$ cat structure.csv   # CSV, C-alpha atoms and all ligand atoms
chain,number,residue,atom,x,y,z
L,143,MET,CA,8.9,23.5,3.2
L,144,THR,CA,9.8,22.5,-0.3
L,145,ASN,CA,8.4,23.9,-3.5
L,146,ILE,CA,6.1,21.4,-5.1
L,147,VAL,CA,5.5,21.1,-8.8
L,148,THR,CA,2.4,19.2,-10.1
L,149,ILE,CA,3.0,17.4,-13.3
L,150,ASP,CA,0.3,15.5,-15.2
L,151,ASN,CA,2.2,14.2,-18.2
L,152,VAL,CA,5.1,11.7,-18.7
L,153,GLU,CA,7.3,13.9,-20.9
L,154,ASP,CA,7.5,16.8,-18.3
L,155,LEU,CA,8.2,14.4,-15.4
L,156,ARG,CA,10.9,12.6,-17.4
L,157,ALA,CA,12.5,15.9,-18.4
L,158,ALA,CA,12.5,17.2,-14.9
L,159,LEU,CA,14.0,14.0,-13.5
L,160,PHE,CA,16.6,13.9,-16.3
L,161,GLU,CA,18.0,17.3,-15.0
L,162,HIS,CA,18.3,15.9,-11.5
L,163,ARG,CA,20.0,12.8,-12.7
L,164,CYS,CA,22.5,14.9,-14.7
L,165,ALA,CA,23.2,16.7,-11.4
L,166,ARG,CA,23.8,13.3,-9.8
L,167,GLU,CA,20.9,13.7,-7.5
L,168,SER,CA,19.1,10.7,-6.0
L,169,ILE,CA,15.4,10.2,-6.5
L,170,GLY,CA,12.9,8.9,-4.0
L,171,PHE,CA,9.5,7.8,-5.2
L,172,VAL,CA,6.2,7.3,-3.3
L,173,PRO,CA,3.3,5.9,-5.4
L,174,THR,CA,-0.2,6.5,-3.9
L,175,MET,CA,-3.9,6.7,-4.8
L,176,GLY,CA,-4.3,10.0,-3.0
L,177,PHE,CA,-6.6,11.2,-0.2
L,178,LEU,CA,-3.3,11.4,1.7
L,179,HIS,CA,-3.0,10.9,5.4
L,180,ASP,CA,-0.1,10.6,7.8
L,181,GLY,CA,0.7,7.1,6.7
L,182,HIS,CA,1.5,8.4,3.2
L,183,ALA,CA,3.3,11.4,4.7
L,184,SER,CA,5.6,9.0,6.7
L,185,LEU,CA,6.7,7.4,3.3
L,186,MET,CA,7.3,10.8,1.8
L,187,ARG,CA,9.3,12.0,4.9
L,188,ALA,CA,11.4,8.8,4.6
L,189,ALA,CA,12.0,9.4,0.9
L,190,ALA,CA,12.9,13.1,1.7
L,191,ALA,CA,15.4,12.0,4.4
L,192,GLU,CA,17.2,9.5,2.1
L,193,ASN,CA,17.1,11.3,-1.3
L,194,ASP,CA,17.8,14.6,-3.0
L,195,VAL,CA,14.6,14.7,-4.9
L,196,VAL,CA,11.1,13.3,-4.0
L,197,VAL,CA,8.4,12.3,-6.5
L,198,ALA,CA,5.0,11.2,-5.3
L,199,SER,CA,2.2,10.0,-7.6
L,200,ILE,CA,-1.5,10.1,-7.2
L,201,PHE,CA,-3.4,7.8,-9.4
L,202,VAL,CA,-6.5,5.9,-8.6
L,203,ASN,CA,-5.7,2.8,-10.7
L,204,PRO,CA,-8.8,1.3,-12.3
L,205,LEU,CA,-6.9,-1.9,-13.1
L,206,GLN,CA,-6.7,-2.9,-9.4
L,207,PHE,CA,-10.5,-2.4,-8.7
L,208,ALA,CA,-13.0,-5.2,-9.3
L,209,PRO,CA,-16.2,-4.0,-11.0
L,210,ASP,CA,-18.1,-4.2,-7.7
L,211,GLU,CA,-15.5,-2.1,-5.8
L,212,ASP,CA,-15.3,1.6,-5.0
L,213,LEU,CA,-13.4,3.0,-8.0
L,214,ASP,CA,-15.8,5.8,-8.8
L,215,ASP,CA,-16.4,6.7,-5.1
L,216,TYR,CA,-12.8,6.4,-4.1
L,217,PRO,CA,-12.1,9.6,-2.0
L,218,ARG,CA,-10.2,12.4,-3.7
L,219,ASP,CA,-8.8,15.7,-2.4
L,220,LEU,CA,-6.1,17.1,-4.7
L,221,VAL,CA,-5.8,20.5,-2.8
L,222,GLY,CA,-5.4,18.8,0.6
L,223,ASP,CA,-3.0,16.2,-0.9
L,224,THR,CA,-0.8,18.9,-2.5
L,225,ALA,CA,-0.5,20.7,0.9
L,226,LEU,CA,0.3,17.4,2.7
L,227,ALA,CA,2.8,16.3,0.1
L,228,ARG,CA,4.6,19.7,0.2
L,229,GLU,CA,4.8,19.6,3.9
L,230,ALA,CA,6.2,16.1,3.8
L,231,GLY,CA,9.0,17.1,1.5
L,232,VAL,CA,7.7,16.1,-2.0
L,233,HIS,CA,9.1,18.1,-4.9
L,234,TYR,CA,7.1,16.6,-7.8
L,235,LEU,CA,3.5,15.4,-7.6
L,236,PHE,CA,2.7,13.3,-10.6
L,237,THR,CA,-1.1,13.3,-11.3
L,238,PRO,CA,-1.8,11.4,-14.5
L,239,VAL,CA,-5.3,10.9,-15.7
L,240,ARG,CA,-6.6,7.5,-16.7
L,241,ASP,CA,-6.2,7.9,-20.4
L,242,LEU,CA,-2.6,8.9,-20.0
L,243,MET,CA,-1.7,5.8,-18.0
L,244,TYR,CA,-3.9,3.5,-20.2
L,245,PRO,CA,-4.1,5.1,-23.6
L,246,ILE,CA,-5.4,2.0,-25.3
L,247,GLN,CA,-8.1,0.2,-23.5
L,248,PRO,CA,-8.6,-2.6,-22.6
L,249,VAL,CA,-5.0,-2.9,-21.6
L,250,ALA,CA,-3.4,-5.9,-23.3
L,251,THR,CA,-0.2,-6.2,-21.3
L,252,THR,CA,-0.3,-6.9,-17.6
L,253,ILE,CA,2.2,-8.1,-15.0
L,254,SER,CA,1.3,-11.0,-12.7
L,255,VAL,CA,3.6,-12.2,-9.9
L,256,GLY,CA,3.1,-15.9,-9.2
L,257,GLY,CA,2.8,-17.5,-5.8
L,258,LEU,CA,2.8,-14.4,-3.6
L,259,SER,CA,-0.3,-13.1,-5.4
L,260,GLU,CA,-2.3,-16.1,-4.3
L,261,GLY,CA,-4.3,-16.4,-1.1
L,262,LEU,CA,-4.9,-13.7,1.6
L,263,GLU,CA,-6.1,-10.6,-0.2
L,264,ALA,CA,-6.3,-12.4,-3.5
L,265,THR,CA,-8.9,-14.8,-2.2
L,266,THR,CA,-11.6,-12.1,-2.4
L,267,ARG,CA,-9.8,-9.8,-4.8
L,268,PRO,CA,-8.4,-12.2,-7.5
L,269,THR,CA,-7.5,-9.5,-10.0
L,270,HIS,CA,-6.2,-6.9,-7.6
L,271,PHE,CA,-2.5,-7.7,-7.5
L,272,ALA,CA,-2.1,-7.9,-11.3
L,273,GLY,CA,-3.6,-4.4,-11.4
L,274,VAL,CA,-1.2,-3.2,-8.7
L,275,ALA,CA,1.9,-4.9,-10.3
L,276,THR,CA,1.0,-3.5,-13.7
L,277,VAL,CA,0.6,0.1,-12.6
L,278,VAL,CA,3.7,0.0,-10.4
L,279,THR,CA,5.7,-1.3,-13.3
L,280,LYS,CA,4.4,1.5,-15.4
L,281,LEU,CA,5.2,4.1,-12.7
L,282,PHE,CA,8.7,2.7,-12.3
L,283,SER,CA,9.2,2.8,-16.0
L,284,ILE,CA,8.2,6.5,-16.0
L,285,VAL,CA,10.2,7.6,-12.9
L,286,GLY,CA,13.2,5.4,-13.7
L,287,GLN,CA,16.0,4.5,-11.3
L,288,CYS,CA,14.9,5.4,-7.8
L,289,LYS,CA,14.3,4.3,-4.2
L,290,ALA,CA,10.6,3.5,-3.9
L,291,TYR,CA,8.7,3.6,-0.6
L,292,PHE,CA,5.8,1.4,0.3
L,293,GLY,CA,3.9,0.8,3.5
L,294,GLU,CA,3.9,-2.5,5.4
L,295,LYS,CA,0.2,-1.7,5.8
L,296,ASP,CA,-0.3,-3.5,2.5
L,297,PHE,CA,2.1,-6.3,3.4
L,298,GLN,CA,1.3,-8.7,0.6
L,299,GLN,CA,1.5,-5.9,-1.9
L,300,LEU,CA,5.0,-5.0,-0.6
L,301,ALA,CA,6.2,-8.6,-0.9
L,302,ILE,CA,4.9,-8.8,-4.4
L,303,ILE,CA,6.6,-5.6,-5.5
L,304,LYS,CA,9.9,-6.6,-3.9
L,305,ARG,CA,9.7,-9.9,-5.8
L,306,MET,CA,8.6,-8.3,-9.1
L,307,VAL,CA,11.6,-5.9,-9.0
L,308,ILE,CA,14.0,-8.8,-8.6
L,309,ASP,CA,12.3,-11.0,-11.3
L,310,LEU,CA,12.2,-8.1,-13.8
L,311,SER,CA,15.6,-6.5,-12.9
L,312,LEU,CA,13.9,-3.1,-12.4
L,313,PRO,CA,16.3,-0.4,-11.4
L,314,VAL,CA,14.5,0.3,-8.1
L,315,ASP,CA,15.3,-0.2,-4.4
L,316,VAL,CA,12.1,-1.0,-2.6
L,317,VAL,CA,11.9,0.3,0.9
L,318,GLY,CA,9.2,-1.0,3.3
L,319,CYS,CA,8.0,1.5,6.0
L,320,PRO,CA,6.1,0.8,9.2
L,321,ILE,CA,2.3,1.2,9.6
L,322,ILE,CA,1.1,4.5,11.0
L,323,ARG,CA,-1.9,4.2,13.3
L,324,GLU,CA,-4.6,6.3,14.9
L,325,PRO,CA,-4.4,6.7,18.7
L,326,ASP,CA,-6.8,3.7,19.2
L,327,GLY,CA,-4.6,1.5,17.0
L,328,LEU,CA,-6.6,1.6,13.8
L,329,ALA,CA,-4.2,1.6,10.9
L,330,MET,CA,-4.6,4.8,8.9
L,331,SER,CA,-6.2,4.3,5.5
L,332,SER,CA,-7.9,6.5,2.9
L,333,ARG,CA,-11.0,4.2,3.2
L,334,ASN,CA,-11.3,5.0,7.0
L,335,THR,CA,-13.3,8.0,5.8
L,336,TYR,CA,-16.1,5.6,5.0
L,337,LEU,CA,-16.3,4.6,8.7
L,338,GLU,CA,-19.3,6.2,10.4
L,339,GLY,CA,-20.5,6.4,14.0
L,340,ALA,CA,-20.1,3.2,16.0
L,341,ASP,CA,-18.3,1.5,13.1
L,342,ARG,CA,-15.3,3.8,13.6
L,343,THR,CA,-14.9,2.7,17.2
L,344,ALA,CA,-15.5,-0.9,16.3
L,345,ALA,CA,-12.8,-0.8,13.6
L,346,ALA,CA,-10.1,-0.8,16.3
L,347,VAL,CA,-10.9,-4.5,16.7
L,348,LEU,CA,-8.5,-5.4,13.9
L,349,ARG,CA,-5.6,-4.1,16.0
L,350,ARG,CA,-6.9,-6.0,19.1
L,351,ALA,CA,-7.0,-9.2,17.0
L,352,LEU,CA,-3.4,-8.7,16.1
L,353,ASP,CA,-2.5,-8.0,19.7
L,354,ALA,CA,-4.2,-11.3,20.7
L,355,GLY,CA,-2.1,-13.1,18.1
L,356,VAL,CA,1.1,-11.6,19.4
L,357,ALA,CA,0.1,-12.4,23.0
L,358,ALA,CA,-0.5,-16.0,22.1
L,359,VAL,CA,2.9,-16.3,20.4
L,360,ASP,CA,4.5,-14.5,23.3
L,361,ALA,CA,2.9,-17.0,25.7
L,362,GLY,CA,4.6,-19.8,23.8
L,363,GLU,CA,2.0,-20.9,21.3
L,364,ARG,CA,3.6,-22.2,18.1
L,365,ASP,CA,0.6,-23.8,16.3
L,366,PRO,CA,-0.5,-21.2,13.7
L,367,GLN,CA,-4.1,-22.6,13.7
L,368,VAL,CA,-4.4,-21.8,17.4
L,369,VAL,CA,-3.0,-18.3,17.0
L,370,MET,CA,-5.3,-17.7,14.1
L,371,SER,CA,-8.4,-18.9,16.0
L,372,ASP,CA,-7.4,-16.6,18.9
L,373,MET,CA,-7.3,-13.7,16.4
L,374,ALA,CA,-10.6,-14.7,14.8
L,375,ALA,CA,-12.3,-14.9,18.1
L,376,VAL,CA,-11.5,-11.3,18.8
L,377,ILE,CA,-13.0,-10.2,15.4
L,378,GLU,CA,-16.1,-12.4,16.0
L,379,SER,CA,-16.6,-10.8,19.4
L,380,GLU,CA,-17.3,-7.4,17.7
L,381,PRO,CA,-20.9,-7.4,16.3
L,382,LEU,CA,-20.2,-4.6,13.8
L,383,ALA,CA,-17.2,-6.5,12.3
L,384,SER,CA,-17.5,-9.3,9.8
L,385,LEU,CA,-14.3,-11.5,9.5
L,386,ASP,CA,-12.8,-12.0,6.1
L,387,TYR,CA,-9.6,-13.8,7.1
L,388,VAL,CA,-6.9,-14.1,9.7
L,389,ALA,CA,-3.5,-15.6,9.0
L,390,ALA,CA,-0.2,-16.3,10.7
L,391,VAL,CA,2.3,-16.7,7.9
L,392,ASP,CA,6.0,-16.9,7.2
L,393,ALA,CA,6.9,-13.3,6.5
L,394,ALA,CA,8.9,-14.1,3.4
L,395,SER,CA,6.8,-16.8,1.7
L,396,LEU,CA,3.4,-15.6,3.0
L,397,GLU,CA,2.6,-19.3,3.6
L,398,ILE,CA,1.2,-20.8,6.8
L,399,PRO,CA,4.0,-22.9,8.3
L,400,SER,CA,3.3,-26.1,10.2
L,401,THR,CA,5.0,-24.6,13.2
L,402,LEU,CA,5.6,-20.9,13.9
L,403,ALA,CA,9.3,-20.0,13.7
L,404,GLY,CA,11.5,-17.1,12.6
L,405,GLU,CA,9.9,-14.0,11.1
L,406,ILE,CA,6.1,-14.4,11.3
L,407,ARG,CA,3.5,-12.0,10.0
L,408,LEU,CA,0.0,-11.9,11.5
L,409,LEU,CA,-2.6,-10.5,9.1
L,410,VAL,CA,-6.3,-9.7,9.4
L,411,ALA,CA,-9.1,-8.5,7.0
L,412,ALA,CA,-12.6,-7.6,8.1
L,413,GLN,CA,-15.6,-5.7,6.9
L,414,VAL,CA,-16.6,-3.0,9.4
L,415,GLY,CA,-19.7,-1.1,8.2
L,416,ARG,CA,-19.0,0.0,4.6
L,417,PRO,CA,-15.2,-0.5,4.2
L,418,ARG,CA,-13.3,-3.7,4.2
L,419,LEU,CA,-10.2,-3.1,6.4
L,420,ILE,CA,-6.8,-4.8,6.5
L,421,ASP,CA,-4.1,-4.8,9.1
L,422,ASN,CA,-1.0,-6.8,10.0
L,423,CYS,CA,2.0,-6.9,12.3
L,424,GLY,CA,5.3,-8.8,12.7
L,425,VAL,CA,6.4,-11.1,15.4
L,426,ARG,CA,9.8,-12.8,15.7
L,427,ILE,CA,10.2,-16.1,17.3
G,1,LIG,P1,-2.7,3.8,-1.2
G,1,LIG,O1,-2.9,5.3,-1.4
G,1,LIG,O2,-3.7,3.2,-0.3
G,1,LIG,O3,-2.4,3.1,-2.5
G,1,LIG,O4,-1.3,3.7,-0.4
G,1,LIG,C1,-0.1,4.2,-0.9
G,1,LIG,C2,1.1,3.8,-0.1
G,1,LIG,O5,0.9,4.2,1.3
G,1,LIG,C3,1.2,2.2,0.0
G,1,LIG,O6,2.5,1.9,-0.1
G,1,LIG,C4,0.6,1.9,1.3
G,1,LIG,O7,1.0,0.7,1.9
G,1,LIG,C5,1.0,3.1,2.2
G,1,LIG,N1,0.2,3.3,3.3
G,1,LIG,C6,-1.2,3.4,3.4
G,1,LIG,N2,-1.6,3.5,4.6
G,1,LIG,C7,-0.5,3.4,5.4
G,1,LIG,C8,-0.3,3.5,6.8
G,1,LIG,N3,-1.3,3.6,7.7
G,1,LIG,N4,1.0,3.4,7.3
G,1,LIG,C9,2.0,3.3,6.4
G,1,LIG,N5,1.9,3.3,5.1
G,1,LIG,C10,0.7,3.3,4.6
$ encode --input "structure.csv" --output "structure tokens"
Amino acid sequence: MTNIVTIDNVEDLRAALFEHRCARESIGFVPTMGFLHDGHASLMRAAAAENDVVVASIFVNPLQFAPDEDLDDYPRDLVGDTALAREAGVHYLFTPVRDLMYPIQPVATTISVGGLSEGLEATTRPTHFAGVATVVTKLFSIVGQCKAYFGEKDFQQLAIIKRMVIDLSLPVDVVGCPIIREPDGLAMSSRNTYLEGADRTAAAVLRRALDAGVAAVDAGERDPQVVMSDMAAVIESEPLASLDYVAAVDAASLEIPSTLAGEIRLLVAAQVGRPRLIDNCGVRI
């Protein structure tokens, strides 16, 4: 197990990382909002396997929450998070407070990534990705040159960050990591803690909807609308779930093609009890 140092200010983190850079050590970085689970740990373990030094951040970013979302209730557990991060090989846990990240409010400078930030999640969360892109740019600017690890769980976010790094020439290699799931197929998420009683069992319907989409493609279906209606039917068969969207998109452009071909991503979003859940999977044709 590594030693872990918790740092809550920019100067100390930059000073520590400067020492490692002088020693020609590589830096892996995992940005999170905390309430860590094995999905986060998988990113940290990947960063530890590929780098000399691992930094993880915990920051519940107000900019990516709409006024009616769960910013104030977002689950927090710094003691548990520190233990998990240490176990997963993190050396530095960066835990800035809101005023440190956004000293002058309201923030005047934001980053928006065109095209990829439209549709899917953005349909119901129109300001979300500008908040994500802005905080990730700030974190990259604080951590500096690194390999940064993101989950495919947030597939649209991953695509946006990869594009942003190219467009802005940021000195960061973005690494996408596979989705870690519970035994019944539910994708791990900090918000799963909101699932109570029967809603927890019902939440596995998202994975079953993706499976139905994959099965349709495997059976030879190439019309995205048919695949999407097969997926939607599975969500609609679960009375405790309320469908937000299903999509079968080109994995690079995130657009629905006229015919399914190449690398396809199937995505689903649904409300199950209190939380709105998202999931996705890849299928190659
Ligand atoms: P969050 O704390 O929700 O902002 O997530 C931080 C990072 O962990 C993001 O890159 C997520 O995509 C990733 N992540 C969250 N859940 C999972 C999961 N179940 N499997 C893999 N990565 C995940």
$ residues_near_ligand --input "structure.csv" --ligand "ligand LIG 1 (chain G)" --cutoff "8 Å" --atoms "only C-alpha atoms and all ligand atoms" --output "PyMOL selection string"
chain L and resi 172-182+184-185+200+202+291-297+299-300+319-323+329-332
$ closest_atom_pairs --input "structure.csv" --of "stretch 262-334 of chain L" --to "stretch 367-390 of chain L" --cutoff "10 Å" --atoms "all atoms listed in the file" --output "JSON lines"
{"residue": "L:Leu262", "atom": "CA", "partner": "L:Tyr387", "partner_atom": "CA", "distance": 7.2}
{"residue": "L:Glu263", "atom": "CA", "partner": "L:Tyr387", "partner_atom": "CA", "distance": 8.7}
{"residue": "L:Thr265", "atom": "CA", "partner": "L:Tyr387", "partner_atom": "CA", "distance": 9.4}
{"residue": "L:Thr266", "atom": "CA", "partner": "L:Asp386", "partner_atom": "CA", "distance": 8.6}
$ closest_residue --input "structure.csv" --among "L:Gly257, L:Pro245, L:Pro313, L:Gly231" --to "L:Ala190" --atoms "only C-alpha atoms"
L:Gly231
$ closest_residue --input "structure.csv" --among "L:Leu205, L:Leu402, L:Leu409, L:Val285" --to "L:Tyr244" --atoms "all atoms listed in the file"
L:Leu205
$ residues_around --input "structure.csv" --residues "L:Gln247" --least-positions-apart "5" --cutoff "12 Å" --atoms "all atoms listed in the file" --output "ChimeraX atom specification"
/L:204-205,240-242
$ closest_atom_pairs --input "structure.csv" --of "stretch 218-305 of chain L" --to "stretch 157-167 of chain L" --cutoff "10 Å" --atoms "all atoms listed in the file" --output "Markdown table"
| residue | atom | partner | partner_atom | distance |
| --- | --- | --- | --- | --- |
| L:Tyr234 | CA | L:Ala158 | CA | 8.9 |
| L:Ile284 | CA | L:Leu159 | CA | 9.8 |
| L:Val285 | CA | L:Leu159 | CA | 7.5 |
| L:Gly286 | CA | L:Leu159 | CA | 8.6 |
| L:Gln287 | CA | L:Arg163 | CA | 9.3 |
$ residues_near_point --input "structure.csv" --point "(15.1, -1.1, -2.5)" --cutoff "7 Å" --atoms "all atoms listed in the file" --output "number ranges by chain"
L: 289-290, 314-317
$ write_last_selection --input "structure.csv" --atoms "C-alpha atoms" --output "PDB file, in the coordinates of the input"
ATOM      1  CA  LYS L 289      14.300   4.300  -4.200  1.00  0.00           C
ATOM      2  CA  ALA L 290      10.600   3.500  -3.900  1.00  0.00           C
ATOM      3  CA  VAL L 314      14.500   0.300  -8.100  1.00  0.00           C
ATOM      4  CA  ASP L 315      15.300  -0.200  -4.400  1.00  0.00           C
ATOM      5  CA  VAL L 316      12.100  -1.000  -2.600  1.00  0.00           C
ATOM      6  CA  VAL L 317      11.900   0.300   0.900  1.00  0.00           C
TER       7      VAL L 317
END
$ atom_distance --input "structure.csv" --atom1 "atom CA of L:Asp212" --atom2 "atom CA of L:Phe271"
16.0 Å
$ closest_atom_pairs --input "structure.csv" --of "stretch 316-395 of chain L" --to "stretch 421-427 of chain L" --cutoff "8 Å" --atoms "only C-alpha atoms" --output "CSV"
residue,atom,partner,partner_atom,distance
L:Ala329,CA,L:Asp421,CA,6.6
L:Leu348,CA,L:Asp421,CA,6.5
L:Arg349,CA,L:Asp421,CA,7.1
L:Leu352,CA,L:Asn422,CA,6.8
L:Val356,CA,L:Val425,CA,6.7
L:Val359,CA,L:Ile427,CA,7.9
L:Ala393,CA,L:Gly424,CA,7.8
$ write_last_selection --input "structure.csv" --atoms "C-alpha atoms" --output "PDB file, in the frame of the given file"
ATOM      1  CA  ALA L 329      -4.200   1.600  10.900  1.00  0.00           C
ATOM      2  CA  LEU L 348      -8.500  -5.400  13.900  1.00  0.00           C
ATOM      3  CA  ARG L 349      -5.600  -4.100  16.000  1.00  0.00           C
ATOM      4  CA  LEU L 352      -3.400  -8.700  16.100  1.00  0.00           C
ATOM      5  CA  VAL L 356       1.100 -11.600  19.400  1.00  0.00           C
ATOM      6  CA  VAL L 359       2.900 -16.300  20.400  1.00  0.00           C
ATOM      7  CA  ALA L 393       6.900 -13.300   6.500  1.00  0.00           C
TER       8      ALA L 393
END
$ atom_distance --input "structure.csv" --atom1 "atom CA of L:Ala354" --atom2 "atom CA of L:Glu338"
25.3 Å
